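Enquirer: This is the structure, below, for whatever I ask next.
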Amino acid sequence: MNKMKRPCWHDGLLAGIMTALPIGASLLVVTNLLVMTGMPFSGSYTASFVTAILGTLLMGRCHLAVAAAPGLALASWLVYVLVLARGVSWQMVLFMGAAASLVSMLLLAGGRRWPQVCQYAQELIPFCLRQALGGAVGLMLIALGLFEGRLLMGAPTGLLQLGSFSDPMAYFSFTGILVLLGLLAMKKRWAPAAAFLVTAVLAFIGGFWVLPDAPFLQPEGLDRTGLQLIFMTGWQTISPSCYIDLSLFLLLFLLLSGFGSLTALAPTAPKRKSLLLLSLVSFIGCLLGTVPVMAAPESAAGQAVGSRLPQRMAYWTAAGLALLLVAEPVMASLASFAAVMVPVLVGAGLVLLQRMEAVFQGDFAEQAAAGLLFLLLPLTQDIAAGLGASVVAYACLKQLSGRGEDVSRPLRVLAVFFALYFFFGFWSMI
């Protein structure tokens with residue numbers, strides 16, 4: 001009787017590298033955003049990577065081929081809306097993030113209702129949206145790659161315009177995408193890795209990024225960001241109502257965005273346990289000096305390569321992030337020429353689109369909700385916003401069409417939660 005061949009030690013290595021690279025670039029952007037608030041670069045960089053490593057390892061313990069990292073969309077909202085527009089200190093942002101993460105843990109661990117809701121998460125989201133969510137996240141990644149590579153740009157007279165090949169960024173991005181598509185047509189699983197390597201080598205030969213003289217640095221700075229949330233400043237000038245609505249917004253973001261990203265990347269994942277671990281890592285991350293985490297959409301890049309054991313990909317991703325943590329000068333040099341990461345993001349998006357089954361079926365309410373999801377995710381880059389608008393639209397249109405019996409009671413509750421998410425997010429901006 002033949003024994004099943006055991007996976008080699010390097011199983012999932014390439015998948016981990018392909019996941020760690022775009023996540024590392026995203027974490028560098030998160031760090032630069034936090035620096036705009038006055039946070040030290042070294043501390044926020046170290047805190048972001050340490051948090052991502054811990055979260056990814058815990059996802060691996062759950063046997064998931066998913067990485068967890070501080071959310072770029074949430075970091076942008078916190079920095080531009082709270083800190084820059086409203087003058088909230090970064091210490092207070094960390095404090096509210098930690099408080100929301102702690103409440104999320106308590107709800108998921110001790111609540112009587114939440115475990116059942118998370119257990120039946122597959123039935124909670126309408127079938128049409130479950131079918132569309134992975135593809136919509138794929139479109140979001142493709143749009144992000146095209147914008148980062150300047151193949152799509154804002155237009156002075158319209159919404160968007162194509163980039164120009166006179167721009168080296170657009171030229172190298174397009175070259176990388178061509179290599180990616182060619183290899184995908186040949187059914188090569190390592191297509192994103194090869195396209196990344198080709199683009200990086202060509203950009204290096206052209207002198208658009210260089211290897212720094214000192215490629216490695218010792219991680220430092222946590223002494224200037226760790227536990228700084230206890231030294232809040234300026235809290236006397238903010239009304240208690242602002243604390244309430246901003247904390248509720250963060251809580252809803254943790255639960256709803258985490259739920260949406262897990263549904264897209266790991267449909268069969270145990271939602272309650274995974275969300276509980278994400279909330280725990282978010283709490284630790286805020287203590288260290290970064291924003292809450294979510295399941296990273298860039299995980300689809302590693303899933304495209306595949307691994308015989310899903311957790312191996314997560315473990316190798318954590319190892320790759322640990323290497324990037326000490327190779328900050330190299331990461332900064334690579335990220336300065338974003339065309340290098342474009343094939344990885346586009347490849348991840350194409351993989352999610354290929355997994356998608358038939359979506360636009362059923363009645364008008366289902367088609368409209370799915371279409372809204374495909375429209376909003378690439379535009380907002382926010383899973384919670386796109387999924388929330390689609391759920392609310394689905395519930396309302398079903399009621400208006402006289403088919404309210406199709407909307408279950410848990411789905412109505414979820415629609416109310418998303419409505420609160422939008423209300424408090426908008427209210428905090430004004």
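Chain identifiers are assigned as A, B, and so on, following the order in which chains appear in the structure tokens; residues are numbered from 1 within each chain, and ligands are numbered from 1 in order of appearance.
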Write out as a PyMOL selection string which residues come within 10 Å of Leu280 of chain A when counting only C-alpha atoms, dropping same-chain ones fewer than 4 positions away.

Expert: chain A and resi 55+98+101-102+104-105+274-276+284-285+292-293

Enquirer: Residues as selected, C-alpha atoms, written as a PDB file, in the first residue's frame, can you do that?

Expert:
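Writing the result to result-v4.pdb gives the following:
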```pdb
ATOM      1  CA  GLY A  55      -1.246  37.640  13.051  1.00  0.00           C
ATOM      2  CA  ALA A  98      -7.174  49.008  21.500  1.00  0.00           C
ATOM      3  CA  SER A 101     -10.338  45.446  19.764  1.00  0.00           C
ATOM      4  CA  LEU A 102     -10.873  44.536  23.412  1.00  0.00           C
ATOM      5  CA  SER A 104     -14.602  42.823  19.944  1.00  0.00           C
ATOM      6  CA  MET A 105     -12.745  40.058  21.786  1.00  0.00           C
ATOM      7  CA  SER A 274     -10.515  33.656  13.175  1.00  0.00           C
ATOM      8  CA  LEU A 275     -12.203  36.958  14.072  1.00  0.00           C
ATOM      9  CA  LEU A 276     -11.318  36.436  17.720  1.00  0.00           C
ATOM     10  CA  ILE A 284      -1.567  43.781  20.651  1.00  0.00           C
ATOM     11  CA  GLY A 285      -0.773  45.880  17.575  1.00  0.00           C
ATOM     12  CA  PRO A 292      -5.837  47.166  13.843  1.00  0.00           C
ATOM     13  CA  VAL A 293      -5.347  44.235  11.486  1.00  0.00           C
TER      14      VAL A 293
END
```

Enquirer: Pick out the residues sitting within 8 Å of Leu133 of chain A, and hand them over as an MDAnalysis selection string; count only C-alpha atoms, and ignore anything fewer than 2 positions along from it in its own chain.

Expert: chainID A and resid 129:131 135:137 260 263:264 373 387

Enquirer: I need the residues from that last selection saved to file as a PDB file, in the first residue's frame (with N, CA and C atoms), if you can.

Expert:
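The file below, again09.pdb, is the result:
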```pdb
ATOM      1  N   LEU A 129     -24.026  37.516  -3.004  1.00  0.00           N
ATOM      2  CA  LEU A 129     -22.892  38.306  -2.543  1.00  0.00           C
ATOM      3  C   LEU A 129     -21.715  37.411  -2.161  1.00  0.00           C
ATOM      4  N   ARG A 130     -21.996  36.213  -1.634  1.00  0.00           N
ATOM      5  CA  ARG A 130     -20.900  35.284  -1.350  1.00  0.00           C
ATOM      6  C   ARG A 130     -20.197  34.886  -2.638  1.00  0.00           C
ATOM      7  N   GLN A 131     -20.972  34.716  -3.701  1.00  0.00           N
ATOM      8  CA  GLN A 131     -20.384  34.374  -4.984  1.00  0.00           C
ATOM      9  C   GLN A 131     -19.561  35.525  -5.549  1.00  0.00           C
ATOM     10  N   GLY A 135     -14.543  37.761  -6.306  1.00  0.00           N
ATOM     11  CA  GLY A 135     -14.251  38.466  -7.543  1.00  0.00           C
ATOM     12  C   GLY A 135     -14.139  39.964  -7.352  1.00  0.00           C
ATOM     13  N   ALA A 136     -14.982  40.528  -6.469  1.00  0.00           N
ATOM     14  CA  ALA A 136     -14.916  41.968  -6.212  1.00  0.00           C
ATOM     15  C   ALA A 136     -13.600  42.347  -5.539  1.00  0.00           C
ATOM     16  N   VAL A 137     -13.131  41.510  -4.597  1.00  0.00           N
ATOM     17  CA  VAL A 137     -11.827  41.755  -3.987  1.00  0.00           C
ATOM     18  C   VAL A 137     -10.728  41.635  -5.041  1.00  0.00           C
ATOM     19  N   GLY A 260     -15.771  40.139   6.144  1.00  0.00           N
ATOM     20  CA  GLY A 260     -15.798  40.171   4.679  1.00  0.00           C
ATOM     21  C   GLY A 260     -14.516  39.646   4.056  1.00  0.00           C
ATOM     22  N   THR A 263     -14.329  35.882   4.414  1.00  0.00           N
ATOM     23  CA  THR A 263     -15.263  35.217   3.518  1.00  0.00           C
ATOM     24  C   THR A 263     -14.714  35.159   2.101  1.00  0.00           C
ATOM     25  N   ALA A 264     -14.020  36.221   1.667  1.00  0.00           N
ATOM     26  CA  ALA A 264     -13.465  36.256   0.315  1.00  0.00           C
ATOM     27  C   ALA A 264     -12.249  35.351   0.175  1.00  0.00           C
ATOM     28  N   LEU A 373     -21.470  45.741  -5.371  1.00  0.00           N
ATOM     29  CA  LEU A 373     -20.250  45.240  -4.743  1.00  0.00           C
ATOM     30  C   LEU A 373     -19.065  45.347  -5.706  1.00  0.00           C
ATOM     31  N   LEU A 387     -19.089  45.748   0.932  1.00  0.00           N
ATOM     32  CA  LEU A 387     -19.983  44.684   1.374  1.00  0.00           C
ATOM     33  C   LEU A 387     -21.186  45.258   2.107  1.00  0.00           C
TER      34      LEU A 387
END
```

Enquirer: Excluding Leu217 of chain A and residues on its chain fewer than 2 positions from it, collect all residues at most 9 Å away from it, counting only C-alpha atoms, and give them as a list in words.

Expert: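 Selected residues are Ala214, Pro215, Pro219, Glu220, Leu325, Val326, Ala327, Glu328 and Pro329 of chain A.
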
Enquirer: Please write the residues from the selection above to a file, keeping all heavy atoms, as a PDB file, in the first residue's frame.

Expert:
```pdb
ATOM      1  N   ALA A 214      23.755  49.631   3.001  1.00  0.00           N
ATOM      2  CA  ALA A 214      23.475  48.879   4.228  1.00  0.00           C
ATOM      3  C   ALA A 214      22.074  48.295   4.116  1.00  0.00           C
ATOM      4  O   ALA A 214      21.095  48.929   4.511  1.00  0.00           O
ATOM      5  CB  ALA A 214      23.591  49.780   5.449  1.00  0.00           C
ATOM      6  N   PRO A 215      21.946  47.073   3.548  1.00  0.00           N
ATOM      7  CA  PRO A 215      20.607  46.533   3.275  1.00  0.00           C
ATOM      8  C   PRO A 215      19.847  46.084   4.512  1.00  0.00           C
ATOM      9  O   PRO A 215      18.628  45.909   4.449  1.00  0.00           O
ATOM     10  CB  PRO A 215      20.894  45.350   2.351  1.00  0.00           C
ATOM     11  CG  PRO A 215      22.288  44.941   2.677  1.00  0.00           C
ATOM     12  CD  PRO A 215      23.013  46.193   3.062  1.00  0.00           C
ATOM     13  N   PRO A 219      15.913  45.938  14.035  1.00  0.00           N
ATOM     14  CA  PRO A 219      14.614  46.518  14.397  1.00  0.00           C
ATOM     15  C   PRO A 219      14.718  47.325  15.692  1.00  0.00           C
ATOM     16  O   PRO A 219      15.330  46.885  16.665  1.00  0.00           O
ATOM     17  CB  PRO A 219      13.716  45.292  14.576  1.00  0.00           C
ATOM     18  CG  PRO A 219      14.376  44.222  13.792  1.00  0.00           C
ATOM     19  CD  PRO A 219      15.846  44.476  13.895  1.00  0.00           C
ATOM     20  N   GLU A 220      14.119  48.500  15.684  1.00  0.00           N
ATOM     21  CA  GLU A 220      14.176  49.351  16.866  1.00  0.00           C
ATOM     22  C   GLU A 220      12.967  50.277  16.870  1.00  0.00           C
ATOM     23  O   GLU A 220      12.187  50.295  15.931  1.00  0.00           O
ATOM     24  CB  GLU A 220      15.470  50.182  16.873  1.00  0.00           C
ATOM     25  CG  GLU A 220      15.630  51.063  15.642  1.00  0.00           C
ATOM     26  CD  GLU A 220      16.912  51.861  15.643  1.00  0.00           C
ATOM     27  OE1 GLU A 220      17.709  51.685  16.578  1.00  0.00           O
ATOM     28  OE2 GLU A 220      17.118  52.653  14.712  1.00  0.00           O
ATOM     29  N   LEU A 325      11.417  42.784   7.807  1.00  0.00           N
ATOM     30  CA  LEU A 325      11.530  43.635   8.988  1.00  0.00           C
ATOM     31  C   LEU A 325      12.956  44.136   9.171  1.00  0.00           C
ATOM     32  O   LEU A 325      13.169  45.311   9.494  1.00  0.00           O
ATOM     33  CB  LEU A 325      11.071  42.853  10.224  1.00  0.00           C
ATOM     34  CG  LEU A 325      11.307  43.506  11.592  1.00  0.00           C
ATOM     35  CD1 LEU A 325      10.559  44.835  11.689  1.00  0.00           C
ATOM     36  CD2 LEU A 325      10.876  42.568  12.714  1.00  0.00           C
ATOM     37  N   VAL A 326      13.940  43.259   8.960  1.00  0.00           N
ATOM     38  CA  VAL A 326      15.344  43.674   9.122  1.00  0.00           C
ATOM     39  C   VAL A 326      15.922  44.223   7.827  1.00  0.00           C
ATOM     40  O   VAL A 326      17.018  44.790   7.835  1.00  0.00           O
ATOM     41  CB  VAL A 326      16.203  42.488   9.630  1.00  0.00           C
ATOM     42  CG1 VAL A 326      15.705  42.017  10.978  1.00  0.00           C
ATOM     43  CG2 VAL A 326      16.188  41.334   8.628  1.00  0.00           C
ATOM     44  N   ALA A 327      15.208  44.040   6.710  1.00  0.00           N
ATOM     45  CA  ALA A 327      15.678  44.549   5.418  1.00  0.00           C
ATOM     46  C   ALA A 327      14.899  45.790   5.018  1.00  0.00           C
ATOM     47  O   ALA A 327      14.531  45.949   3.851  1.00  0.00           O
ATOM     48  CB  ALA A 327      15.555  43.460   4.353  1.00  0.00           C
ATOM     49  N   GLU A 328      14.656  46.658   5.954  1.00  0.00           N
ATOM     50  CA  GLU A 328      13.870  47.871   5.688  1.00  0.00           C
ATOM     51  C   GLU A 328      14.464  48.736   4.578  1.00  0.00           C
ATOM     52  O   GLU A 328      13.727  49.243   3.726  1.00  0.00           O
ATOM     53  CB  GLU A 328      13.711  48.661   6.991  1.00  0.00           C
ATOM     54  CG  GLU A 328      12.828  49.894   6.871  1.00  0.00           C
ATOM     55  CD  GLU A 328      13.622  51.137   6.473  1.00  0.00           C
ATOM     56  OE1 GLU A 328      14.786  51.235   6.879  1.00  0.00           O
ATOM     57  OE2 GLU A 328      13.071  51.979   5.745  1.00  0.00           O
ATOM     58  N   PRO A 329      15.802  48.943   4.487  1.00  0.00           N
ATOM     59  CA  PRO A 329      16.333  49.748   3.377  1.00  0.00           C
ATOM     60  C   PRO A 329      16.040  49.143   2.001  1.00  0.00           C
ATOM     61  O   PRO A 329      15.726  49.870   1.053  1.00  0.00           O
ATOM     62  CB  PRO A 329      17.844  49.774   3.666  1.00  0.00           C
ATOM     63  CG  PRO A 329      17.952  49.559   5.133  1.00  0.00           C
ATOM     64  CD  PRO A 329      16.855  48.597   5.461  1.00  0.00           C
TER      65      PRO A 329
END
```

Enquirer: Compare A:Leu181, A:Leu400, A:Ala191, A:Val346 by their minimum atom-to-atom distance to Phe364 of chain A, counting only C-alpha atoms, and give me the closest one.

Expert: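 Closest to Phe364 of chain A of all the choices is A:Leu400.
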
Enquirer: Which residue is closest to Val413 of chain A? Choose from A:Val344, A:Val35, A:Ile125, A:Leu27 and count only C-alpha atoms.

Expert: A:Ile125

Enquirer: Can you tell me which residues surround segment 199-201 of chain A at a distance of at most 8 Å, considering only C-alpha atoms, apart from same-chain residues fewer than 2 positions away, and format the answer as a list of chain:residue names?

Expert: A:Phe172, A:Ser173, A:Thr175, A:Gly176, A:Ala195, A:Phe196, A:Leu197, A:Ala203, A:Phe204, A:Ile205, A:Ala339, A:Val340

Enquirer: For Ala385 of chain A, find every residue with an atom within 8 Å (counting only C-alpha atoms), except residues of its own chain fewer than 5 positions away, and show them as a list in words.

Expert: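 Residues meeting the cut-off are Leu376, Leu377, Thr380 and Phe422 of chain A.
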
Enquirer: Do you know which residues are at most 9 Å from segment 139-149 of chain A counting only C-alpha atoms, after dropping those on the same chain fewer than 5 positions away, and could you put them as a PyMOL selection string?

Expert: chain A and resi 134+163+169-174+297-298+337-350+352-353+374+376-382

Enquirer: To one decimal in Å, tell me the separation between atom CA of Cys396 of chain A and atom CA of Ser261 of chain A.

Expert: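 The value is 23.4 Å.
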
Enquirer: Going by DSSP on the backbone, which bits of segment 144-182 of chain A are strand (DSSP E)? Write them as a PyMOL selection string, please.

Expert: chain A and resi 152-154+160-162

Enquirer: For Gly43 of chain A, which of A:Ser164, A:Gln228, A:Ser76, A:Gln311 is the closest residue, counting only C-alpha atoms?

Expert: A:Gln228

Enquirer: At what distance in Å, to one decimal, does atom CA of Phe253 of chain A lie from atom CA of Ala99 of chain A?

Expert: 13.0 Å

Enquirer: Between A:Gly226, A:Pro126, A:Gly138, A:Pro70, which is the closest to Met356 of chain A once you count only C-alpha atoms?

Expert: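 Of all the options, A:Gly138 lies closest to Met356 of chain A.
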
Enquirer: So which one's closest to Leu58 of chain A, A:Phe423, A:Tyr315, A:Phe418, A:Tyr45? Using only C-alpha atoms, please.

Expert: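 Of all the options, A:Tyr315 lies closest to Leu58 of chain A.
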